[in-house]
Every structure is written in structure tokens, then in C-alpha cells.
$ cat final32.txt   # compact mmCIF, N, CA and C atoms
# COMPACT_ATOMS: atom_id res chain seq x y z
N MET A 280 -15.83 12.15 -13.40
CA MET A 280 -14.54 12.04 -12.75
C MET A 280 -14.71 11.23 -11.48
N SER A 281 -13.69 10.46 -11.17
CA SER A 281 -13.75 9.68 -9.95
C SER A 281 -12.97 10.39 -8.86
N CYS A 282 -13.53 10.39 -7.69
CA CYS A 282 -12.89 10.99 -6.53
C CYS A 282 -12.45 9.86 -5.62
N LEU A 283 -11.15 9.72 -5.44
CA LEU A 283 -10.63 8.60 -4.67
C LEU A 283 -9.87 9.09 -3.46
N CYS A 284 -9.89 8.29 -2.45
CA CYS A 284 -9.13 8.56 -1.23
C CYS A 284 -8.45 7.27 -0.83
N TYR A 285 -7.14 7.28 -0.76
CA TYR A 285 -6.39 6.11 -0.35
C TYR A 285 -6.03 6.27 1.11
N VAL A 286 -6.40 5.30 1.90
CA VAL A 286 -6.14 5.33 3.34
C VAL A 286 -5.02 4.36 3.64
N SER A 287 -4.01 4.81 4.37
CA SER A 287 -2.91 3.94 4.73
C SER A 287 -3.33 3.00 5.85
N LEU A 288 -3.12 1.74 5.63
CA LEU A 288 -3.39 0.71 6.61
C LEU A 288 -2.08 -0.01 6.91
N PRO A 289 -2.04 -0.87 7.91
CA PRO A 289 -0.80 -1.55 8.23
C PRO A 289 -0.28 -2.41 7.06
N LEU A 290 1.04 -2.44 6.93
CA LEU A 290 1.76 -3.25 5.94
C LEU A 290 1.23 -3.03 4.53
N ASP A 291 0.88 -4.10 3.85
CA ASP A 291 0.45 -4.01 2.46
C ASP A 291 -1.05 -4.09 2.32
N SER A 292 -1.76 -3.25 3.04
CA SER A 292 -3.22 -3.17 2.95
C SER A 292 -3.59 -1.80 2.41
N TYR A 293 -4.50 -1.79 1.44
CA TYR A 293 -4.92 -0.54 0.82
C TYR A 293 -6.44 -0.46 0.80
N ARG A 294 -6.98 0.71 1.12
CA ARG A 294 -8.41 0.94 1.09
C ARG A 294 -8.69 2.06 0.11
N VAL A 295 -9.62 1.81 -0.81
CA VAL A 295 -10.01 2.79 -1.81
C VAL A 295 -11.43 3.24 -1.48
N LEU A 296 -11.62 4.55 -1.27
CA LEU A 296 -12.93 5.11 -0.96
C LEU A 296 -13.33 6.07 -2.07
N GLY A 297 -14.57 6.03 -2.49
CA GLY A 297 -15.02 6.98 -3.49
C GLY A 297 -16.40 6.67 -4.00
N ARG A 298 -17.04 7.65 -4.63
CA ARG A 298 -18.37 7.41 -5.21
C ARG A 298 -18.24 6.61 -6.49
N LYS A 299 -17.28 6.99 -7.34
CA LYS A 299 -17.04 6.29 -8.60
C LYS A 299 -15.59 5.84 -8.62
N VAL A 300 -15.38 4.54 -8.72
CA VAL A 300 -14.02 3.99 -8.73
C VAL A 300 -13.81 3.24 -10.03
N ASN A 301 -12.76 3.63 -10.76
CA ASN A 301 -12.37 2.96 -11.99
C ASN A 301 -11.24 1.99 -11.65
N MET A 302 -11.46 0.71 -11.88
CA MET A 302 -10.47 -0.31 -11.50
C MET A 302 -9.16 -0.15 -12.28
N GLU A 303 -9.21 0.39 -13.49
CA GLU A 303 -7.98 0.64 -14.25
C GLU A 303 -7.12 1.67 -13.53
N PHE A 304 -7.75 2.70 -13.00
CA PHE A 304 -7.01 3.71 -12.26
C PHE A 304 -6.41 3.13 -10.97
N VAL A 305 -7.15 2.27 -10.29
CA VAL A 305 -6.64 1.63 -9.07
C VAL A 305 -5.40 0.79 -9.39
N ARG A 306 -5.47 0.01 -10.48
CA ARG A 306 -4.33 -0.82 -10.89
C ARG A 306 -3.12 0.05 -11.23
N GLN A 307 -3.34 1.11 -12.02
CA GLN A 307 -2.23 1.99 -12.40
C GLN A 307 -1.62 2.67 -11.18
N HIS A 308 -2.44 3.09 -10.24
CA HIS A 308 -1.94 3.75 -9.03
C HIS A 308 -1.07 2.80 -8.20
N LEU A 309 -1.53 1.58 -8.03
CA LEU A 309 -0.75 0.62 -7.24
C LEU A 309 0.55 0.25 -7.93
N GLU A 310 0.53 0.16 -9.26
CA GLU A 310 1.76 -0.17 -10.01
C GLU A 310 2.78 0.96 -9.94
N THR A 311 2.34 2.20 -10.10
CA THR A 311 3.29 3.32 -10.18
C THR A 311 3.69 3.85 -8.81
N LYS A 312 2.74 4.05 -7.92
CA LYS A 312 3.03 4.67 -6.63
C LYS A 312 3.50 3.69 -5.57
N LYS A 313 2.98 2.47 -5.60
CA LYS A 313 3.28 1.48 -4.56
C LYS A 313 4.17 0.35 -5.05
N ASN A 314 4.59 0.40 -6.33
CA ASN A 314 5.48 -0.60 -6.93
C ASN A 314 4.96 -2.03 -6.80
N VAL A 315 3.68 -2.22 -7.06
CA VAL A 315 3.07 -3.55 -7.02
C VAL A 315 3.16 -4.16 -8.41
N ASP A 316 3.59 -5.42 -8.49
CA ASP A 316 3.71 -6.12 -9.77
C ASP A 316 2.50 -7.02 -9.94
N PHE A 317 1.69 -6.75 -10.98
CA PHE A 317 0.53 -7.57 -11.26
C PHE A 317 0.77 -8.49 -12.44
N GLY A 318 2.02 -8.76 -12.77
CA GLY A 318 2.35 -9.59 -13.92
C GLY A 318 1.90 -11.02 -13.76
N GLU A 319 1.85 -11.72 -14.90
CA GLU A 319 1.41 -13.12 -14.89
C GLU A 319 2.46 -14.02 -14.26
N TYR A 320 3.74 -13.62 -14.33
CA TYR A 320 4.83 -14.37 -13.71
C TYR A 320 5.47 -13.47 -12.66
N GLN A 321 5.63 -14.00 -11.45
CA GLN A 321 6.19 -13.21 -10.36
C GLN A 321 7.23 -14.02 -9.60
N ASP A 322 8.24 -13.33 -9.08
CA ASP A 322 9.27 -13.98 -8.27
C ASP A 322 8.83 -14.11 -6.82
N THR A 323 8.17 -13.10 -6.31
CA THR A 323 7.65 -13.11 -4.94
C THR A 323 6.18 -12.67 -4.99
N PRO A 324 5.37 -13.19 -4.08
CA PRO A 324 3.96 -12.78 -4.09
C PRO A 324 3.78 -11.35 -3.62
N ASN A 325 2.72 -10.71 -4.07
CA ASN A 325 2.42 -9.34 -3.66
C ASN A 325 1.99 -9.27 -2.20
N ASN A 326 1.15 -10.22 -1.79
CA ASN A 326 0.61 -10.26 -0.43
C ASN A 326 -0.07 -8.96 -0.03
N ILE A 327 -0.76 -8.33 -0.97
CA ILE A 327 -1.48 -7.10 -0.62
C ILE A 327 -2.94 -7.43 -0.37
N GLU A 328 -3.54 -6.65 0.50
CA GLU A 328 -4.97 -6.74 0.76
C GLU A 328 -5.60 -5.45 0.26
N LEU A 329 -6.60 -5.58 -0.58
CA LEU A 329 -7.22 -4.43 -1.23
C LEU A 329 -8.70 -4.38 -0.83
N GLU A 330 -9.10 -3.24 -0.30
CA GLU A 330 -10.49 -3.05 0.10
C GLU A 330 -11.04 -1.87 -0.69
N ILE A 331 -12.12 -2.10 -1.44
CA ILE A 331 -12.72 -1.07 -2.27
C ILE A 331 -14.12 -0.79 -1.75
N LEU A 332 -14.34 0.44 -1.31
CA LEU A 332 -15.64 0.88 -0.80
C LEU A 332 -16.12 1.99 -1.72
N ALA A 333 -17.13 1.71 -2.53
CA ALA A 333 -17.56 2.69 -3.53
C ALA A 333 -19.05 2.57 -3.79
N ASP A 334 -19.60 3.63 -4.33
CA ASP A 334 -20.99 3.60 -4.76
C ASP A 334 -21.08 2.85 -6.09
N THR A 335 -20.18 3.16 -7.02
CA THR A 335 -20.16 2.51 -8.33
C THR A 335 -18.72 2.15 -8.69
N VAL A 336 -18.52 0.93 -9.16
CA VAL A 336 -17.20 0.46 -9.61
C VAL A 336 -17.29 0.21 -11.10
N TYR A 337 -16.32 0.74 -11.85
CA TYR A 337 -16.28 0.60 -13.30
C TYR A 337 -15.14 -0.33 -13.70
N VAL A 338 -15.47 -1.30 -14.56
CA VAL A 338 -14.47 -2.23 -15.10
C VAL A 338 -14.61 -2.19 -16.61
N LYS A 339 -13.50 -1.86 -17.29
CA LYS A 339 -13.53 -1.92 -18.75
C LYS A 339 -12.25 -2.57 -19.24
N ASP A 340 -12.35 -3.20 -20.38
CA ASP A 340 -11.25 -3.94 -20.98
C ASP A 340 -10.92 -5.19 -20.15
N ASP A 341 -9.76 -5.73 -20.38
CA ASP A 341 -9.30 -6.94 -19.69
C ASP A 341 -8.28 -6.51 -18.65
N LEU A 342 -8.71 -6.40 -17.40
CA LEU A 342 -7.83 -5.95 -16.31
C LEU A 342 -7.19 -7.14 -15.62
N LYS A 343 -5.87 -7.16 -15.58
CA LYS A 343 -5.16 -8.25 -14.91
C LYS A 343 -4.53 -7.71 -13.63
N MET A 344 -4.99 -8.23 -12.51
CA MET A 344 -4.46 -7.85 -11.20
C MET A 344 -4.09 -9.13 -10.47
N HIS A 345 -3.02 -9.77 -10.93
CA HIS A 345 -2.60 -11.06 -10.39
C HIS A 345 -1.89 -10.89 -9.05
N GLY A 346 -2.07 -11.84 -8.17
CA GLY A 346 -1.30 -11.90 -6.93
C GLY A 346 -1.85 -11.10 -5.76
N ILE A 347 -3.13 -10.79 -5.76
CA ILE A 347 -3.73 -10.10 -4.62
C ILE A 347 -4.10 -11.14 -3.58
N LYS A 348 -3.65 -10.92 -2.35
CA LYS A 348 -3.94 -11.88 -1.28
C LYS A 348 -5.43 -11.90 -0.95
N ARG A 349 -6.02 -10.74 -0.78
CA ARG A 349 -7.45 -10.64 -0.46
C ARG A 349 -7.98 -9.34 -1.04
N MET A 350 -9.14 -9.44 -1.69
CA MET A 350 -9.79 -8.25 -2.22
C MET A 350 -11.23 -8.23 -1.73
N THR A 351 -11.61 -7.13 -1.09
CA THR A 351 -12.97 -6.93 -0.63
C THR A 351 -13.57 -5.79 -1.44
N LEU A 352 -14.69 -6.04 -2.09
CA LEU A 352 -15.33 -5.03 -2.91
C LEU A 352 -16.75 -4.85 -2.39
N ILE A 353 -17.01 -3.68 -1.84
CA ILE A 353 -18.35 -3.34 -1.35
C ILE A 353 -18.85 -2.17 -2.19
N SER A 354 -19.91 -2.43 -2.95
CA SER A 354 -20.41 -1.43 -3.88
C SER A 354 -21.89 -1.66 -4.14
N ARG A 355 -22.58 -0.58 -4.45
CA ARG A 355 -23.99 -0.72 -4.83
C ARG A 355 -24.13 -1.25 -6.24
N LYS A 356 -23.19 -0.86 -7.10
CA LYS A 356 -23.29 -1.22 -8.51
C LYS A 356 -21.91 -1.45 -9.09
N VAL A 357 -21.78 -2.48 -9.93
CA VAL A 357 -20.55 -2.74 -10.68
C VAL A 357 -20.90 -2.66 -12.15
N ASN A 358 -20.33 -1.69 -12.86
CA ASN A 358 -20.57 -1.51 -14.29
C ASN A 358 -19.42 -2.09 -15.08
N CYS A 359 -19.74 -3.00 -16.00
CA CYS A 359 -18.73 -3.61 -16.85
C CYS A 359 -19.09 -3.38 -18.30
N VAL A 360 -18.10 -3.03 -19.09
CA VAL A 360 -18.29 -2.91 -20.53
C VAL A 360 -18.39 -4.33 -21.10
N LYS A 361 -19.17 -4.51 -22.15
CA LYS A 361 -19.34 -5.83 -22.74
C LYS A 361 -17.98 -6.40 -23.15
N GLY A 362 -17.70 -7.60 -22.68
CA GLY A 362 -16.43 -8.26 -23.00
C GLY A 362 -15.32 -7.94 -22.02
N SER A 363 -15.59 -7.12 -21.02
CA SER A 363 -14.55 -6.78 -20.05
C SER A 363 -14.43 -7.89 -19.01
N LYS A 364 -13.26 -7.92 -18.35
CA LYS A 364 -12.99 -8.98 -17.39
C LYS A 364 -12.02 -8.47 -16.34
N LEU A 365 -12.27 -8.81 -15.10
CA LEU A 365 -11.36 -8.48 -14.00
C LEU A 365 -10.68 -9.79 -13.60
N ASP A 366 -9.42 -9.92 -13.96
CA ASP A 366 -8.66 -11.16 -13.79
C ASP A 366 -7.86 -11.09 -12.49
N LEU A 367 -8.26 -11.88 -11.49
CA LEU A 367 -7.61 -11.87 -10.17
C LEU A 367 -6.93 -13.20 -9.87
N ARG A 368 -6.49 -13.91 -10.88
CA ARG A 368 -5.89 -15.23 -10.68
C ARG A 368 -4.56 -15.17 -9.93
N THR A 369 -4.18 -16.30 -9.39
CA THR A 369 -2.88 -16.44 -8.77
C THR A 369 -1.83 -16.49 -9.88
N PRO A 370 -0.73 -15.76 -9.74
CA PRO A 370 0.30 -15.77 -10.79
C PRO A 370 1.12 -17.05 -10.75
N TYR A 371 1.88 -17.26 -11.82
CA TYR A 371 2.84 -18.36 -11.86
C TYR A 371 4.09 -17.89 -11.13
N TRP A 372 4.65 -18.73 -10.28
CA TRP A 372 5.83 -18.34 -9.50
C TRP A 372 7.09 -18.78 -10.21
N ASN A 373 8.04 -17.86 -10.31
CA ASN A 373 9.37 -18.17 -10.82
C ASN A 373 10.24 -18.52 -9.61
N GLN A 374 10.19 -19.78 -9.21
CA GLN A 374 10.92 -20.18 -8.01
C GLN A 374 12.36 -20.50 -8.36
N GLN A 375 13.25 -19.92 -7.59
CA GLN A 375 14.68 -20.13 -7.76
C GLN A 375 15.23 -20.81 -6.52
N PHE A 376 15.82 -21.99 -6.68
CA PHE A 376 16.38 -22.71 -5.57
C PHE A 376 17.90 -22.75 -5.73
N ASP A 377 18.58 -21.69 -5.30
CA ASP A 377 20.03 -21.66 -5.42
C ASP A 377 20.71 -22.51 -4.35
N SER A 378 20.20 -22.46 -3.12
CA SER A 378 20.85 -23.16 -2.04
C SER A 378 20.27 -24.56 -1.81
N LEU A 379 19.07 -24.81 -2.28
CA LEU A 379 18.44 -26.11 -2.10
C LEU A 379 18.36 -26.83 -3.43
N SER A 380 18.61 -28.11 -3.41
CA SER A 380 18.46 -28.88 -4.65
C SER A 380 17.27 -29.81 -4.48
N PRO A 381 16.41 -29.89 -5.47
CA PRO A 381 15.28 -30.80 -5.36
C PRO A 381 15.74 -32.25 -5.44
N GLY A 382 14.90 -33.17 -5.01
CA GLY A 382 15.25 -34.60 -5.04
C GLY A 382 15.48 -35.08 -6.45
N ASP A 383 16.36 -36.05 -6.61
CA ASP A 383 16.66 -36.60 -7.92
C ASP A 383 15.61 -37.62 -8.32
N ASP A 384 15.28 -37.64 -9.59
CA ASP A 384 14.34 -38.63 -10.09
C ASP A 384 15.04 -39.98 -10.17
N GLY A 385 14.24 -41.03 -10.09
CA GLY A 385 14.80 -42.38 -10.24
C GLY A 385 15.20 -42.64 -11.67
N ALA A 386 16.18 -43.49 -11.87
CA ALA A 386 16.64 -43.83 -13.21
C ALA A 386 16.43 -45.32 -13.44
N SER A 387 16.03 -45.71 -14.63
CA SER A 387 15.83 -47.10 -15.00
C SER A 387 14.89 -47.83 -14.05
N GLY A 388 13.82 -47.19 -13.67
CA GLY A 388 12.83 -47.84 -12.83
C GLY A 388 13.17 -47.87 -11.35
N LYS A 389 14.31 -47.28 -10.95
CA LYS A 389 14.68 -47.26 -9.54
C LYS A 389 14.07 -46.03 -8.88
N HIS A 390 13.92 -46.10 -7.59
CA HIS A 390 13.40 -44.96 -6.86
C HIS A 390 14.45 -43.86 -6.78
N GLY A 391 14.01 -42.68 -6.46
CA GLY A 391 14.93 -41.56 -6.28
C GLY A 391 15.71 -41.70 -5.00
N LEU A 392 16.46 -40.67 -4.64
CA LEU A 392 17.27 -40.71 -3.43
C LEU A 392 16.37 -40.85 -2.21
N PRO A 393 16.74 -41.72 -1.25
CA PRO A 393 15.91 -41.89 -0.06
C PRO A 393 16.03 -40.69 0.87
N GLY A 394 14.97 -40.44 1.63
CA GLY A 394 14.99 -39.38 2.62
C GLY A 394 15.64 -39.85 3.90
N ALA A 395 15.75 -38.96 4.88
CA ALA A 395 16.35 -39.31 6.17
C ALA A 395 15.43 -40.29 6.90
N THR A 396 16.00 -41.35 7.44
CA THR A 396 15.21 -42.35 8.16
C THR A 396 15.56 -42.42 9.62
N GLU A 397 16.73 -41.93 10.02
CA GLU A 397 17.14 -41.97 11.42
C GLU A 397 17.50 -40.58 11.90
N LEU A 398 17.32 -40.35 13.17
CA LEU A 398 17.76 -39.11 13.79
C LEU A 398 19.15 -39.31 14.34
N SER A 399 20.04 -38.38 14.05
CA SER A 399 21.39 -38.50 14.61
C SER A 399 21.38 -38.03 16.05
N GLN A 400 22.18 -38.70 16.89
CA GLN A 400 22.21 -38.36 18.32
C GLN A 400 23.45 -37.63 18.68
$ encode --input "final32.txt" --output "C-alpha cells"
Amino acid sequence: MSCLCYVSLPLDSYRVLGRKVNMEFVRQHLETKKNVDFGEYQDTPNNIELEILADTVYVKDDLKMHGIKRMTLISRKVNCVKGSKLDLRTPYWNQQFDSLSPGDDGASGKHGLPGATELSQ
């Protein structure tokens, strides 16, 4: 059994303390209790900082924890099941520009719309 202690830090920073830490449990805890979205596509970044201080860290299966700003893992041993992977990639952003319109592409070999060249006084 893993014994975990979550310490509250400022804003979106989380510290996990324990002798045995299962990364699947950490992911599930952050998703359910802290409403963190680790999906491959996200509208806003998580901007969480995760610090794991453990004697042994266990990783099994394919764990996807996308969008972590910073993760610090201090451990004596990391045990991984064969074929397991801890995926910490940056997610794809679903950017919505309702109030801003991007620049228009050029048509028929012409350049797009010009930018501002003068300052109004």
C-alpha cells in the first residue's frame, strides 16, 4: 500500500510525499479532487507544478499527464513495468479567437493585409 501526503502549496503547486508512490494514483487524485485536465487537447493550460518526494515511484501502463508546467521527481528508485510510459508532453491547444481575427492570407500571389506602419497622433 502506498502512504501519501498531499501538502498544500501556493496556487497550483502540489507536493506528494510518501515511501511508495503510484503515479496512476497521483493522476487520478489530481483529476478527481483538484479538477486537473490531463487530456491530449486542452482549452487552457493546467499550469500546475508537481513535486514528488518518494523512496520508490511506480509507473505502470501508459500514463498520460499532459500540460504539467514543472514536475520535480526525487526518488531513490523508479520501478516501471515493461512497456510502460510516463507521457508528460505539452497538449494541443484548442485556441478560440472570438474577438480577434487572424491576418488574411494573400490571394493570387499578393501579400496579405499590411500591418500598421504609422502611429496616430
$ residues_around --input "final32.txt" --residues "A:Gln307" --least-positions-apart "6" --cutoff "12 Å" --atoms "only C-alpha atoms" --output "CSV table (one decimal) with N, CA and C atoms, in the coordinates of the input"
chain,number,residue,atom,x,y,z
A,301,ASN,N,-12.8,3.6,-10.8
A,301,ASN,CA,-12.4,3.0,-12.0
A,301,ASN,C,-11.2,2.0,-11.6
A,313,LYS,N,3.0,2.5,-5.6
A,313,LYS,CA,3.3,1.5,-4.6
A,313,LYS,C,4.2,0.4,-5.0
A,314,ASN,N,4.6,0.4,-6.3
A,314,ASN,CA,5.5,-0.6,-6.9
A,314,ASN,C,5.0,-2.0,-6.8
A,315,VAL,N,3.7,-2.2,-7.1
A,315,VAL,CA,3.1,-3.6,-7.0
A,315,VAL,C,3.2,-4.2,-8.4
A,316,ASP,N,3.6,-5.4,-8.5
A,316,ASP,CA,3.7,-6.1,-9.8
A,316,ASP,C,2.5,-7.0,-9.9
A,317,PHE,N,1.7,-6.8,-11.0
A,317,PHE,CA,0.5,-7.6,-11.3
A,317,PHE,C,0.8,-8.5,-12.4
A,342,LEU,N,-8.7,-6.4,-17.4
A,342,LEU,CA,-7.8,-6.0,-16.3
A,342,LEU,C,-7.2,-7.1,-15.6
A,343,LYS,N,-5.9,-7.2,-15.6
A,343,LYS,CA,-5.2,-8.2,-14.9
A,343,LYS,C,-4.5,-7.7,-13.6
A,344,MET,N,-5.0,-8.2,-12.5
A,344,MET,CA,-4.5,-7.8,-11.2
A,344,MET,C,-4.1,-9.1,-10.5
$ residues_around --input "final32.txt" --residues "A:Trp372" --least-positions-apart "6" --cutoff "7 Å" --atoms "all atoms listed in the file" --output "list in words"
Glu319, Tyr320, Gln321, Asp322 and Thr323 of chain A
$ write_last_selection --input "final32.txt" --atoms "N, CA and C atoms" --output "compact mmCIF listing (two decimals), keeping the file's coordinate frame"
# COMPACT_ATOMS: atom_id res chain seq x y z
N GLU A 319 1.85 -11.72 -14.90
CA GLU A 319 1.41 -13.12 -14.89
C GLU A 319 2.46 -14.02 -14.26
N TYR A 320 3.74 -13.62 -14.33
CA TYR A 320 4.83 -14.37 -13.71
C TYR A 320 5.47 -13.47 -12.66
N GLN A 321 5.63 -14.00 -11.45
CA GLN A 321 6.19 -13.21 -10.36
C GLN A 321 7.23 -14.02 -9.60
N ASP A 322 8.24 -13.33 -9.08
CA ASP A 322 9.27 -13.98 -8.27
C ASP A 322 8.83 -14.11 -6.82
N THR A 323 8.17 -13.10 -6.31
CA THR A 323 7.65 -13.11 -4.94
C THR A 323 6.18 -12.67 -4.99
$ atom_distance --input "final32.txt" --atom1 "atom N of A:Val360" --atom2 "atom CA of A:Lys339"
4.7 Å
$ residues_around --input "final32.txt" --residues "A:Val338" --least-positions-apart "2" --cutoff "5 Å" --atoms "only N, CA and C atoms" --output "list in words"
Val336, Asp340, Asn358, Cys359 and Val360 of chain A
$ residues_near_point --input "final32.txt" --point "(-5.5, -6.0, -0.8)" --cutoff "7 Å" --atoms "only N, CA and C atoms" --output "ChimeraX atom specification"
/A:291-293,326-330,347-351
$ closest_residue --input "final32.txt" --among "A:Ser354, A:Val295, A:Leu309, A:His345" --to "A:Arg368" --atoms "all atoms listed in the file"
A:His345
$ atom_distance --input "final32.txt" --atom1 "atom C of A:His308" --atom2 "atom C of A:Val357"
20.9 Å
$ closest_residue --input "final32.txt" --among "A:Asp341, A:Asp334, A:Glu310, A:Asp366" --to "A:Arg298" --atoms "all atoms listed in the file"
A:Asp334
$ atom_distance --input "final32.txt" --atom1 "atom CA of A:Ile353" --atom2 "atom CA of A:Ile331"
6.1 Å
